Structures are given as structure tokens and as C-alpha cells.
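Here's the structure, in C-alpha cells; my notes come after.
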Amino acid sequence: MKKVPHNLRLVGQNIYLRPITIDDTELVLKWRNSKKVVENFIYRQPVTRQDHIKWLENKVDKGLVYQFIVCDLDSDMPVGVVYLQNFEEENKKAESGIFLGEVYGKGIGTQAYKLLLDYAFNELGMHKVVARVLAGNTASVRLHEKSGYKQEAYLRDELFLDGKYEDLILFGAINNDGKDK
Ligand SMILES: CC(C)(COP(=O)(O)OP(=O)(O)OC[C@H]1O[C@@H](n2cnc3c(N)ncnc32)[C@H](O)[C@@H]1OP(=O)(O)O)[C@@H](O)C(=O)NCCC(=O)NCCS
């Protein structure tokens, strides 16, 4: 995939997305390692500074992951992270992900995800964006439904996390709802 121009801004109603930089490291690590995020993610080991720098160098800088910081439009304050990864160029497919910092339930996630999907479909030419969501993560299930994803599979007891089995939902969003077949 091509690299994201560093000055790219994807602007919504109250927020905008900008490419992640090395200067976001401390904040992103704090958010990613917070209880709220860890308990809703499949990968639960603490992410170290070194892991994150490697991720930036090996994935983001090489255009294998498109990662954006969600910022408040008025104050420019960073409030969360969204990303596209696991690109399959032949299938025009990618996987999306999101986590917010401190402000939840105020519509930020929905706005950020809509901007991300719009970018994936209309700028990157993706046909399909998929996501994996733990079934008990009600906010994320609603977020995906509201952003145009449809449930494609419900996998019972798919993962064994922190001593218990968890159900996993596979979501998929298709550009133009499949009309460009
Ligand atoms: C999931 C997440 C990104 C959602 O972002 P958000 O800004 O909090 O969500 P929104 O305010 O846009 O709300 C989206 C929907 O979820 C609902 N929702 C939000 N928080 C909720 C909660 N704690 N419980 C139940 N529903 C909730 C909202 O009511 C809304 O649905 P509605 O319009 O039908 O009312 C955010 O909560 C988060 O970062 N969670 C931790 C990390 C995570 O779970 N990432 C996703 C992993 S797959």
C-alpha cells in the first residue's frame, strides 16, 4: 500500500483523523495498556515502548498498517486511535480497529469509524473492511452496526482469554453494499 501523507487530515463534525507519529507514543501506550482497552482486545499482553516503536517502523512506516490519531476538532487534543491492517490487495480487503483514550459514549468512536471507512473505500479503493469483536463488548458491537458493518459470523467459545471462553463476532462492511459486483 502507499504511505499516508503526513499532513493528511480526515475531518468530521467534531473530530479529525491525522496519521500517528512517534510523538504520540506515550499517550498511545497509556491508552492501549489501560484496563478498559485491554479487556476488550484479543491480544492482552502489555505493549511495551519497544513493541510500539517496532510496530511503527515495521508496519506503519512501511504502509502495512494505516494508523490514525483521532483528535478533537476544536482543541486538537488526541482522544483515540483507529487503524486499518491486514491488507489483502488482491481481495481489496482490510481489517479495522479502534480504541479511545478517556472519553467514551459520546459518539466519538462512531464518527472516527465512519471517517476511517470512508477513507478505506473512497481513497484506498478497498471493497471490504472486516473487524473482530468480542461478543460481550456491547459498545463495540453497536459501533460496528451503526457504522455500516454487518455481522457475518458468531463464533461461540472461539477464544480462551484470562481463564474463560469468549464468543467472537466477525463483522464486515462492503463498499456500496455490494452493488459494485
Ligand atoms: C468501542 C469504542 C471505540 C466505542 O466508541 P464510543 O465513542 O465510546 O462509542 P459511541 O459513543 O460512538 O457509541 C456507539 C454505540 O455504542 C453504545 N455504547 C457506548 N458505550 C456503551 C456502553 N458502555 N455500553 C453499551 N453501549 C454503549 C452507544 O450508545 C452507541 O449506540 P446507540 O447509538 O445505539 O446508542 C470505545 O468504547 C472504546 O474505545 N472501547 C475500548 C476499546 C474497544 O473496545 N475497542 C474495540 C475493540 S473491537
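Note on naming: chains are A, B, ... as they come in the C-alpha cells, residues start from 1 per chain, ligands start from 1 in the order shown.
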Can you list every residue of segment 38-145 of chain A that has an atom at most 12 Å from segment 14-27 of chain A, with its nearest atom pair and the distance in Å to one decimal, using only C-alpha atoms, ordered by chain then number, as CSV?
```
residue,atom,partner,partner_atom,distance
A:Val47,CA,A:Thr25,CA,11.1
A:Thr48,CA,A:Thr25,CA,10.2
A:Arg49,CA,A:Thr25,CA,7.4
A:Gln50,CA,A:Thr25,CA,10.2
A:Asp51,CA,A:Thr25,CA,10.7
A:His52,CA,A:Thr25,CA,7.4
A:Ile53,CA,A:Ile22,CA,7.7
A:Lys54,CA,A:Ile22,CA,10.9
A:Trp55,CA,A:Ile22,CA,10.8
A:Leu56,CA,A:Ile22,CA,7.8
A:Glu57,CA,A:Ile22,CA,9.7
A:Lys59,CA,A:Ile20,CA,11.9
A:Val60,CA,A:Ile20,CA,8.5
A:Asp61,CA,A:Thr21,CA,9.7
A:Gly63,CA,A:Pro19,CA,11.4
A:Val65,CA,A:Ile20,CA,10.7
A:Tyr66,CA,A:Pro19,CA,7.7
A:Gln67,CA,A:Ile20,CA,5.9
A:Phe68,CA,A:Pro19,CA,4.4
A:Ile69,CA,A:Arg18,CA,5.4
A:Val70,CA,A:Leu17,CA,4.7
A:Cys71,CA,A:Tyr16,CA,5.4
A:Asp72,CA,A:Ile15,CA,4.5
A:Leu73,CA,A:Ile15,CA,4.5
A:Asp74,CA,A:Asn14,CA,7.4
A:Ser75,CA,A:Ile15,CA,9.5
A:Asp76,CA,A:Ile15,CA,8.4
A:Met77,CA,A:Ile15,CA,9.5
A:Pro78,CA,A:Leu27,CA,8.4
A:Val79,CA,A:Ile15,CA,9.0
A:Gly80,CA,A:Leu27,CA,9.1
A:Val81,CA,A:Ile20,CA,8.4
A:Val82,CA,A:Leu17,CA,8.4
A:Tyr83,CA,A:Pro19,CA,9.6
A:Leu84,CA,A:Pro19,CA,11.7
A:Phe99,CA,A:Leu27,CA,12.0
A:Leu100,CA,A:Leu27,CA,10.7
A:Gly101,CA,A:Leu27,CA,8.2
A:Glu102,CA,A:Leu27,CA,10.8
A:Lys106,CA,A:Asn14,CA,10.7
A:Gly107,CA,A:Asn14,CA,9.5
A:Ile108,CA,A:Ile15,CA,7.4
A:Gly109,CA,A:Ile15,CA,9.9
A:Thr110,CA,A:Ile15,CA,10.7
A:Gln111,CA,A:Ile15,CA,7.5
A:Ala112,CA,A:Leu17,CA,7.2
A:Tyr113,CA,A:Leu17,CA,9.9
A:Lys114,CA,A:Leu17,CA,10.8
A:Leu115,CA,A:Leu17,CA,7.7
A:Leu116,CA,A:Leu17,CA,8.2
A:Leu117,CA,A:Leu17,CA,11.9
A:Asp118,CA,A:Leu17,CA,11.8
A:Tyr119,CA,A:Leu17,CA,10.4
```
Atoms kept (C-alpha atoms) for selection, written as an mmCIF file, in the first residue's frame:
```
data_model
loop_
_atom_site.group_PDB
_atom_site.id
_atom_site.type_symbol
_atom_site.label_atom_id
_atom_site.label_comp_id
_atom_site.auth_asym_id
_atom_site.auth_seq_id
_atom_site.Cartn_x
_atom_site.Cartn_y
_atom_site.Cartn_z
ATOM 1 C CA VAL A 47 2.518 -3.395 24.820
ATOM 2 C CA THR A 48 5.980 -2.035 25.614
ATOM 3 C CA ARG A 49 7.542 1.119 24.236
ATOM 4 C CA GLN A 50 9.904 -1.075 22.241
ATOM 5 C CA ASP A 51 6.983 -3.120 20.786
ATOM 6 C CA HIS A 52 5.289 0.092 19.747
ATOM 7 C CA ILE A 53 8.386 1.590 18.109
ATOM 8 C CA LYS A 54 8.913 -1.678 16.215
ATOM 9 C CA TRP A 55 5.264 -1.586 15.130
ATOM 10 C CA LEU A 56 5.690 1.973 13.847
ATOM 11 C CA GLU A 57 8.886 1.094 11.972
ATOM 12 C CA LYS A 59 4.188 -1.760 9.931
ATOM 13 C CA VAL A 60 3.145 1.898 9.868
ATOM 14 C CA ASP A 61 6.227 3.363 8.171
ATOM 15 C CA GLY A 63 2.480 1.249 4.701
ATOM 16 C CA VAL A 65 -0.795 -0.536 8.702
ATOM 17 C CA TYR A 66 -2.634 2.764 8.333
ATOM 18 C CA GLN A 67 -2.922 4.190 11.816
ATOM 19 C CA PHE A 68 -4.549 7.486 12.718
ATOM 20 C CA ILE A 69 -4.884 9.551 15.856
ATOM 21 C CA VAL A 70 -8.410 10.791 16.498
ATOM 22 C CA CYS A 71 -8.254 14.455 17.566
ATOM 23 C CA ASP A 72 -10.806 16.880 18.913
ATOM 24 C CA LEU A 73 -11.524 19.418 16.184
ATOM 25 C CA ASP A 74 -11.631 22.470 18.488
ATOM 26 C CA SER A 75 -8.699 21.749 20.785
ATOM 27 C CA ASP A 76 -6.529 19.394 18.637
ATOM 28 C CA MET A 77 -6.357 17.128 21.715
ATOM 29 C CA PRO A 78 -5.735 13.467 20.826
ATOM 30 C CA VAL A 79 -8.646 11.302 22.006
ATOM 31 C CA GLY A 80 -8.147 7.917 20.399
ATOM 32 C CA VAL A 81 -6.733 5.660 17.708
ATOM 33 C CA VAL A 82 -8.150 3.993 14.595
ATOM 34 C CA TYR A 83 -6.338 1.789 12.124
ATOM 35 C CA LEU A 84 -6.528 -0.431 9.081
ATOM 36 C CA PHE A 99 -9.607 2.299 20.840
ATOM 37 C CA LEU A 100 -10.321 5.560 22.588
ATOM 38 C CA GLY A 101 -8.426 7.253 25.410
ATOM 39 C CA GLU A 102 -10.667 8.612 28.102
ATOM 40 C CA LYS A 106 -20.099 10.481 23.292
ATOM 41 C CA GLY A 107 -20.246 9.430 19.657
ATOM 42 C CA ILE A 108 -16.505 9.870 19.009
ATOM 43 C CA GLY A 109 -15.999 6.227 18.089
ATOM 44 C CA THR A 110 -18.834 6.274 15.574
ATOM 45 C CA GLN A 111 -17.577 9.462 13.908
ATOM 46 C CA ALA A 112 -13.995 8.213 13.772
ATOM 47 C CA TYR A 113 -15.011 4.859 12.331
ATOM 48 C CA LYS A 114 -17.132 6.482 9.631
ATOM 49 C CA LEU A 115 -14.161 8.629 8.569
ATOM 50 C CA LEU A 116 -11.921 5.558 8.536
ATOM 51 C CA LEU A 117 -14.356 3.525 6.419
ATOM 52 C CA ASP A 118 -14.857 6.402 4.007
ATOM 53 C CA TYR A 119 -11.081 6.626 3.589
#
```
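All residues in segment 66-166 of chain A with a DSSP state of helix (DSSP H, G or I), computed from the backbone, read Glu89, Glu90, Asn91, Ile108, Gly109, Thr110, Gln111, Ala112, Tyr113, Lys114, Leu115, Leu116, Leu117, Asp118, Tyr119, Ala120, Phe121, Asn122, Thr138, Ala139, Ser140, Val141, Arg142, Leu143, His144, Glu145 and Lys146 of chain A.
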Could the residues in this selection be written to a file with C-alpha atoms, as a PDB file, in the first residue's frame?
```
ATOM      1  CA  GLU A  89      -4.620  -6.256  -2.034  1.00  0.00           C
ATOM      2  CA  GLU A  90      -5.967  -8.983  -4.329  1.00  0.00           C
ATOM      3  CA  ASN A  91      -9.275  -9.019  -2.436  1.00  0.00           C
ATOM      4  CA  ILE A 108     -16.505   9.870  19.009  1.00  0.00           C
ATOM      5  CA  GLY A 109     -15.999   6.227  18.089  1.00  0.00           C
ATOM      6  CA  THR A 110     -18.834   6.274  15.574  1.00  0.00           C
ATOM      7  CA  GLN A 111     -17.577   9.462  13.908  1.00  0.00           C
ATOM      8  CA  ALA A 112     -13.995   8.213  13.772  1.00  0.00           C
ATOM      9  CA  TYR A 113     -15.011   4.859  12.331  1.00  0.00           C
ATOM     10  CA  LYS A 114     -17.132   6.482   9.631  1.00  0.00           C
ATOM     11  CA  LEU A 115     -14.161   8.629   8.569  1.00  0.00           C
ATOM     12  CA  LEU A 116     -11.921   5.558   8.536  1.00  0.00           C
ATOM     13  CA  LEU A 117     -14.356   3.525   6.419  1.00  0.00           C
ATOM     14  CA  ASP A 118     -14.857   6.402   4.007  1.00  0.00           C
ATOM     15  CA  TYR A 119     -11.081   6.626   3.589  1.00  0.00           C
ATOM     16  CA  ALA A 120     -10.737   2.857   3.125  1.00  0.00           C
ATOM     17  CA  PHE A 121     -13.423   2.725   0.434  1.00  0.00           C
ATOM     18  CA  ASN A 122     -13.023   6.023  -1.360  1.00  0.00           C
ATOM     19  CA  THR A 138     -21.657  -4.027  23.622  1.00  0.00           C
ATOM     20  CA  ALA A 139     -20.285  -0.584  22.767  1.00  0.00           C
ATOM     21  CA  SER A 140     -18.124  -2.020  20.009  1.00  0.00           C
ATOM     22  CA  VAL A 141     -20.908  -4.266  18.654  1.00  0.00           C
ATOM     23  CA  ARG A 142     -23.192  -1.208  18.427  1.00  0.00           C
ATOM     24  CA  LEU A 143     -20.383   0.892  16.962  1.00  0.00           C
ATOM     25  CA  HIS A 144     -19.894  -1.590  14.131  1.00  0.00           C
ATOM     26  CA  GLU A 145     -23.607  -1.947  13.455  1.00  0.00           C
ATOM     27  CA  LYS A 146     -24.064   1.839  13.412  1.00  0.00           C
TER      28      LYS A 146
END
```
>> Nearest residue to Asn175 of chain A out of A:Ala94, A:Val37, A:Leu134, A:Met126, using only C-alpha atoms?
In response: A:Met126
> Using only C-alpha atoms and all ligand atoms, which residue out of A:Ile42, A:Leu124, A:Ile174, A:Val129 lies closest to ligand 1?
Replying inline: A:Ile42
>> as a PyMOL selection string, please: every residue in segment 14-148 of chain A that a backbone DSSP assignment puts in strand (DSSP E or B).
In response: chain A and resi 15-19+66-72+78-88+93-100+128-134
Keeping only N, CA, C and O atoms, write the selected residues to a file as a short mmCIF file (atom, residue, chain, number, x, y, z; two decimals), in the first residue's frame.
```cif
data_model
loop_
_atom_site.label_atom_id
_atom_site.label_comp_id
_atom_site.auth_asym_id
_atom_site.auth_seq_id
_atom_site.Cartn_x
_atom_site.Cartn_y
_atom_site.Cartn_z
N ILE A 15 -14.46 15.92 15.23
CA ILE A 15 -13.12 15.32 15.33
C ILE A 15 -12.46 15.29 13.96
O ILE A 15 -13.11 15.50 12.95
N TYR A 16 -11.16 15.03 13.96
CA TYR A 16 -10.48 14.71 12.70
C TYR A 16 -9.46 13.61 12.94
O TYR A 16 -9.09 13.34 14.09
N LEU A 17 -9.07 12.96 11.88
CA LEU A 17 -8.05 11.92 11.96
C LEU A 17 -6.77 12.44 11.32
O LEU A 17 -6.83 13.08 10.27
N ARG A 18 -5.64 12.18 11.95
CA ARG A 18 -4.33 12.50 11.36
C ARG A 18 -3.42 11.30 11.54
O ARG A 18 -3.61 10.51 12.47
N PRO A 19 -2.40 11.13 10.67
CA PRO A 19 -1.51 9.99 10.82
C PRO A 19 -0.79 10.00 12.17
O PRO A 19 -0.42 11.07 12.66
N TYR A 66 -2.29 1.34 8.38
CA TYR A 66 -2.63 2.76 8.33
C TYR A 66 -3.22 3.11 9.69
O TYR A 66 -4.30 2.65 10.03
N GLN A 67 -2.48 3.89 10.45
CA GLN A 67 -2.92 4.19 11.82
C GLN A 67 -3.09 5.69 11.98
O GLN A 67 -2.21 6.47 11.61
N PHE A 68 -4.22 6.07 12.56
CA PHE A 68 -4.55 7.49 12.72
C PHE A 68 -4.84 7.81 14.17
O PHE A 68 -5.39 6.99 14.91
N ILE A 69 -4.49 9.03 14.55
CA ILE A 69 -4.88 9.55 15.86
C ILE A 69 -6.18 10.35 15.66
O ILE A 69 -6.28 11.16 14.73
N VAL A 70 -7.15 10.05 16.51
CA VAL A 70 -8.41 10.79 16.50
C VAL A 70 -8.20 12.03 17.36
O VAL A 70 -7.76 11.91 18.51
N CYS A 71 -8.48 13.21 16.80
CA CYS A 71 -8.25 14.45 17.57
C CYS A 71 -9.54 15.26 17.65
O CYS A 71 -10.35 15.26 16.71
N ASP A 72 -9.69 15.96 18.75
CA ASP A 72 -10.81 16.88 18.91
C ASP A 72 -10.60 18.06 17.95
O ASP A 72 -9.51 18.62 17.89
N PRO A 78 -5.55 14.85 21.25
CA PRO A 78 -5.73 13.47 20.83
C PRO A 78 -6.72 12.74 21.75
O PRO A 78 -6.63 12.89 22.98
N VAL A 79 -7.64 11.99 21.18
CA VAL A 79 -8.65 11.30 22.01
C VAL A 79 -8.75 9.81 21.72
O VAL A 79 -9.44 9.08 22.43
N GLY A 80 -8.06 9.35 20.68
CA GLY A 80 -8.15 7.92 20.40
C GLY A 80 -7.35 7.52 19.17
O GLY A 80 -6.60 8.33 18.59
N VAL A 81 -7.51 6.26 18.80
CA VAL A 81 -6.73 5.66 17.71
C VAL A 81 -7.66 4.81 16.83
O VAL A 81 -8.50 4.08 17.36
N VAL A 82 -7.48 4.93 15.53
CA VAL A 82 -8.15 3.99 14.60
C VAL A 82 -7.11 3.50 13.60
O VAL A 82 -6.12 4.18 13.34
N TYR A 83 -7.33 2.31 13.07
CA TYR A 83 -6.34 1.79 12.12
C TYR A 83 -6.93 0.77 11.17
O TYR A 83 -7.98 0.18 11.44
N LEU A 84 -6.22 0.62 10.06
CA LEU A 84 -6.53 -0.43 9.08
C LEU A 84 -5.29 -1.30 8.98
O LEU A 84 -4.17 -0.77 8.90
N GLN A 85 -5.48 -2.61 9.00
CA GLN A 85 -4.34 -3.52 8.94
C GLN A 85 -4.74 -4.77 8.15
O GLN A 85 -5.84 -4.87 7.64
N ASN A 86 -3.80 -5.71 8.06
CA ASN A 86 -4.03 -6.98 7.36
C ASN A 86 -4.63 -6.78 5.98
O ASN A 86 -5.63 -7.40 5.62
N PHE A 87 -4.00 -5.91 5.21
CA PHE A 87 -4.48 -5.64 3.85
C PHE A 87 -4.32 -6.88 2.97
O PHE A 87 -3.29 -7.56 3.03
N GLU A 88 -5.35 -7.15 2.20
CA GLU A 88 -5.26 -8.19 1.15
C GLU A 88 -5.53 -7.46 -0.15
O GLU A 88 -6.70 -7.22 -0.50
N LYS A 93 -9.29 -5.90 0.53
CA LYS A 93 -9.86 -6.11 1.86
C LYS A 93 -8.87 -5.67 2.94
O LYS A 93 -7.66 -5.79 2.75
N ALA A 94 -9.41 -5.15 4.05
CA ALA A 94 -8.57 -4.77 5.19
C ALA A 94 -9.35 -5.03 6.47
O ALA A 94 -10.56 -5.28 6.44
N GLU A 95 -8.62 -4.96 7.59
CA GLU A 95 -9.28 -5.13 8.90
C GLU A 95 -9.17 -3.82 9.67
O GLU A 95 -8.10 -3.19 9.66
N SER A 96 -10.24 -3.43 10.33
CA SER A 96 -10.22 -2.17 11.08
C SER A 96 -10.11 -2.42 12.57
O SER A 96 -10.45 -3.51 13.06
N GLY A 97 -9.65 -1.39 13.28
CA GLY A 97 -9.58 -1.47 14.74
C GLY A 97 -9.69 -0.08 15.33
O GLY A 97 -9.43 0.93 14.65
N ILE A 98 -10.06 -0.03 16.60
CA ILE A 98 -10.25 1.27 17.26
C ILE A 98 -10.08 1.14 18.77
O ILE A 98 -10.42 0.11 19.35
N PHE A 99 -9.48 2.15 19.38
CA PHE A 99 -9.61 2.30 20.84
C PHE A 99 -9.52 3.77 21.18
O PHE A 99 -8.78 4.53 20.55
N LEU A 100 -10.30 4.16 22.16
CA LEU A 100 -10.32 5.56 22.59
C LEU A 100 -9.54 5.71 23.89
O LEU A 100 -9.26 4.73 24.57
N LYS A 128 -13.88 -4.28 0.91
CA LYS A 128 -14.45 -4.82 2.15
C LYS A 128 -13.54 -4.50 3.33
O LYS A 128 -12.32 -4.58 3.23
N VAL A 129 -14.16 -4.13 4.44
CA VAL A 129 -13.42 -3.93 5.69
C VAL A 129 -14.04 -4.83 6.75
O VAL A 129 -15.26 -4.81 6.95
N VAL A 130 -13.22 -5.64 7.39
CA VAL A 130 -13.72 -6.58 8.38
C VAL A 130 -13.26 -6.19 9.78
O VAL A 130 -12.34 -5.39 9.94
N ALA A 131 -13.90 -6.76 10.79
CA ALA A 131 -13.49 -6.49 12.17
C ALA A 131 -13.86 -7.68 13.04
O ALA A 131 -14.86 -8.36 12.78
N ARG A 132 -13.02 -7.91 14.05
CA ARG A 132 -13.30 -8.98 15.03
C ARG A 132 -13.66 -8.31 16.36
O ARG A 132 -12.90 -7.47 16.84
N VAL A 133 -14.80 -8.68 16.92
CA VAL A 133 -15.27 -8.02 18.14
C VAL A 133 -15.70 -9.08 19.16
O VAL A 133 -16.47 -10.00 18.82
N LEU A 134 -15.23 -8.94 20.39
CA LEU A 134 -15.70 -9.85 21.45
C LEU A 134 -17.18 -9.58 21.68
O LEU A 134 -17.61 -8.42 21.80
#
```
